[in-house]
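First up is the structure itself, then whatever we jot down about it.
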Amino acid sequence: MKKIFILIILFNFLKSAFTWEIRLTERIIINQKDYPPLFSSFFALLEDGNFIFTDIKDREAQLKIYDQEGKLIKGWGKMGPGPDEFGGLFLIDYQSPYLAVLDAQKHSVYILEKLEGYNFKKIGQILCWEANNPLKIYKNYVIMGGYIVSKKGEKYILFMRDFKGQKTIYLLPLDYQYGTKSTKDYKEVQERVSGFSQMAFIDIYEDTLFYISDVRLKVVKFNLKTKTIEVFGHESKNFRNLEMNKRTKDDLLNPQLSRQVAEELLTKFSFVAGIFADKDILGVLFVNREKRIDNQIYFVPYVQLYDHEGNFLFERKIDDFYSEENYIPLFYQKKEKNLYLLSMVSDKYGINYIICKYALQ
Amino acid sequence: MKKIIVTCFLLILIFTGIAMSIANLRQNAYAMAAIWGTATVETSLFWQLVYYLQGRWLYDNVYCIGNPSDCVIEP
């Protein structure tokens, strides 16, 4: 009896010692009172712990830096047609000292170099009609997501261009868009999900790129040097694949029914909301619309962890976070294993942005 | 003297013409291309604004985005 008791204690100890934990360590509320309110969905973390946001709406300041208390400390970058003006910045990535931002109206990625203080100097502009999302800096290239056809006529969904915008390297073929491996599988999924807004997410660790679409829990692992591709993913009872038949699709495009059908789809199905990687793990966030507050229903994230070989390690609901969007803007500090998630919740005054910092242990 | 001036003038014209034609060759890279995509419903206000600025709005909350299939917006 004693031996069994000791074995149970030992088992529990070993289990807790080798289980990952995600703990909320800080909440930073972005101050929306002193300035034209922020309208953004993307941010990055600077070396000193402050945050840089793009603001697609602000005509005077398309880029804004907030400190760790959520107070605005700098805003710059006018909106306009001029060469040093922006046309609506949205995606952002910062890999010291380079900042890449995607401009919606000018269909361009700007590369800025961080100088002393919070001064940035434009060092490149890449014209890219195809770029949509995601966006990541990799060495002296910018990796972009978007449908693109190579000179040979091959279709891709990820490509990268050098900082000068002269060299294009095609990365992930279209057939892998949903973690599918063949044209037939791709078309099958495409048939069930097209017509409803879709996103994709990437993260890079050294020369390994991880890609995932928001409609399937399938991670594509792509080696940027050898160009080898692997696909993995762990099915979860908490993840409900988006499936639409022809009638739903027709209703979705009907202006009279569209909003109601879209709301039903957002509530009925799950969506991948982000991805992050470091030397040990790959994390996938997905959301379910399940938290009800007053008359509103919000998305709550779940996190899945894998090792780099694709072995499933862990899944947990992050129940102290919720947002009104079905994607979660995030920044991951790879060395420190700190995950910053941006929550967006509207009230009658506007959108409230809260950055939640989680420690992975 | 007149001959030299006329020759210089003609040479300037020729080289300017060549330079202009080279510059023109690059222009096609910046020309607005037709937008092909799939008619897609977008519910997020943020992404609606992104697609609007990209010139992808079709009607109501429907935008021409993603892989080319059933919509095109001519410049």
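How things are named: the first chain in the structure tokens is A, the next is B, and so on; residues count from 1 in each chain; ligands count from 1 in the order shown.
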
Against chain B, which residues of chain A fall within 10 Å? For each one I want the closest pair of atoms and the distance in Å (one decimal), counting only C-alpha atoms, rows by chain and increasing residue number, as a tab-separated table.
```
residue	atom	partner	partner_atom	distance
A:Phe39	CA	B:Phe46	CA	7.8
A:Ser40	CA	B:Phe46	CA	7.2
A:Ser41	CA	B:Phe46	CA	7.2
A:Ile56	CA	B:Val50	CA	7.8
A:Lys57	CA	B:Leu49	CA	8.6
A:Gly87	CA	B:Leu53	CA	7.9
A:Gly88	CA	B:Leu53	CA	7.3
A:Leu89	CA	B:Val50	CA	8.6
A:Phe90	CA	B:Val50	CA	7.4
A:Asp103	CA	B:Gln54	CA	8.9
A:Ala104	CA	B:Gln54	CA	5.2
A:Gln105	CA	B:Leu53	CA	4.9
A:Lys106	CA	B:Gln54	CA	7.8
A:His107	CA	B:Gln54	CA	7.2
A:Leu127	CA	B:Tyr30	CA	7.8
A:Cys128	CA	B:Tyr30	CA	9.6
A:Trp129	CA	B:Ala33	CA	8.0
A:Glu130	CA	B:Ile35	CA	9.3
A:Asn132	CA	B:Gly66	CA	8.6
A:Gly146	CA	B:Gly66	CA	7.2
A:Tyr147	CA	B:Asn67	CA	5.9
A:Ile148	CA	B:Asn67	CA	8.9
A:Lys155	CA	B:Asn67	CA	9.8
A:Ile157	CA	B:Asn67	CA	8.9
A:Leu174	CA	B:Asn67	CA	9.2
A:Gln190	CA	B:Asn67	CA	9.8
A:Ser194	CA	B:Thr40	CA	7.3
A:Gly195	CA	B:Thr40	CA	4.2
A:Phe196	CA	B:Val41	CA	5.2
A:Ser197	CA	B:Glu42	CA	5.3
A:Gln198	CA	B:Gly66	CA	8.0
A:Met199	CA	B:Gly66	CA	9.3
A:Lys249	CA	B:Thr40	CA	9.6
A:Leu252	CA	B:Val41	CA	7.0
A:Leu253	CA	B:Val41	CA	6.9
A:Asn254	CA	B:Asp60	CA	9.3
A:Pro255	CA	B:Asp60	CA	6.5
A:Gln256	CA	B:Asp60	CA	9.7
A:Ser258	CA	B:Val41	CA	7.6
A:Arg259	CA	B:Thr43	CA	7.8
A:Ala262	CA	B:Thr43	CA	7.2
A:Glu263	CA	B:Thr43	CA	8.4
A:Leu266	CA	B:Thr43	CA	9.4
A:Glu324	CA	B:Ser44	CA	9.2
A:Glu325	CA	B:Ser44	CA	7.1
A:Asn326	CA	B:Ser44	CA	8.7
A:Tyr327	CA	B:Ser44	CA	10.0
```

May I have all residues of chain B that DSSP, computed from the backbone, assigns to strand (DSSP E or B), given as a list of chain:residue names?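 Everything in chain B that counts as strand (DSSP E or B) is B:Ile35, B:Trp36, B:Gly37, B:Thr38, B:Ala39, B:Thr40, B:Val41, B:Trp57, B:Leu58, B:Tyr59, B:Val62, B:Tyr63, B:Cys64, B:Ile65, B:Cys71, B:Val72, B:Ile73.
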
Please produce an output containing C-alpha atoms for each residue in the selection, written as a PDB file, in the first residue's frame.
```pdb
ATOM      1  CA  ILE B  35      -7.360  42.399 -58.950  1.00  0.00           C
ATOM      2  CA  TRP B  36      -8.439  38.777 -59.183  1.00  0.00           C
ATOM      3  CA  GLY B  37      -9.852  36.874 -56.258  1.00  0.00           C
ATOM      4  CA  THR B  38     -12.756  35.102 -54.630  1.00  0.00           C
ATOM      5  CA  ALA B  39     -15.897  36.955 -53.530  1.00  0.00           C
ATOM      6  CA  THR B  40     -15.469  36.745 -49.760  1.00  0.00           C
ATOM      7  CA  VAL B  41     -17.478  37.956 -46.790  1.00  0.00           C
ATOM      8  CA  TRP B  57     -14.524  46.131 -52.209  1.00  0.00           C
ATOM      9  CA  LEU B  58     -17.343  44.558 -54.263  1.00  0.00           C
ATOM     10  CA  TYR B  59     -20.622  45.247 -52.400  1.00  0.00           C
ATOM     11  CA  VAL B  62     -18.114  41.326 -49.708  1.00  0.00           C
ATOM     12  CA  TYR B  63     -14.542  41.769 -51.009  1.00  0.00           C
ATOM     13  CA  CYS B  64     -12.539  40.286 -53.881  1.00  0.00           C
ATOM     14  CA  ILE B  65      -9.646  38.608 -52.031  1.00  0.00           C
ATOM     15  CA  CYS B  71     -14.275  37.926 -59.221  1.00  0.00           C
ATOM     16  CA  VAL B  72     -12.094  40.540 -60.870  1.00  0.00           C
ATOM     17  CA  ILE B  73     -11.783  44.302 -60.329  1.00  0.00           C
TER      18      ILE B  73
END
```

Which of region 93-219 of chain A fall in alpha helix (DSSP H), as a list in words: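 Across region 93-219 of chain A, those assigned alpha helix (DSSP H) are Thr183, Lys184, Asp185, Tyr186, Lys187, Glu188, Val189, Gln190, Glu191, Arg192 and Val193 of chain A.
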
Counting only C-alpha atoms, figure out which residue out of A:Ile143, A:Leu24, A:Met344, A:Met79 gets nearest to Leu360 (chain A).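 Using only C-alpha atoms, the shortest distance to Leu360 (chain A) belongs to A:Leu24.
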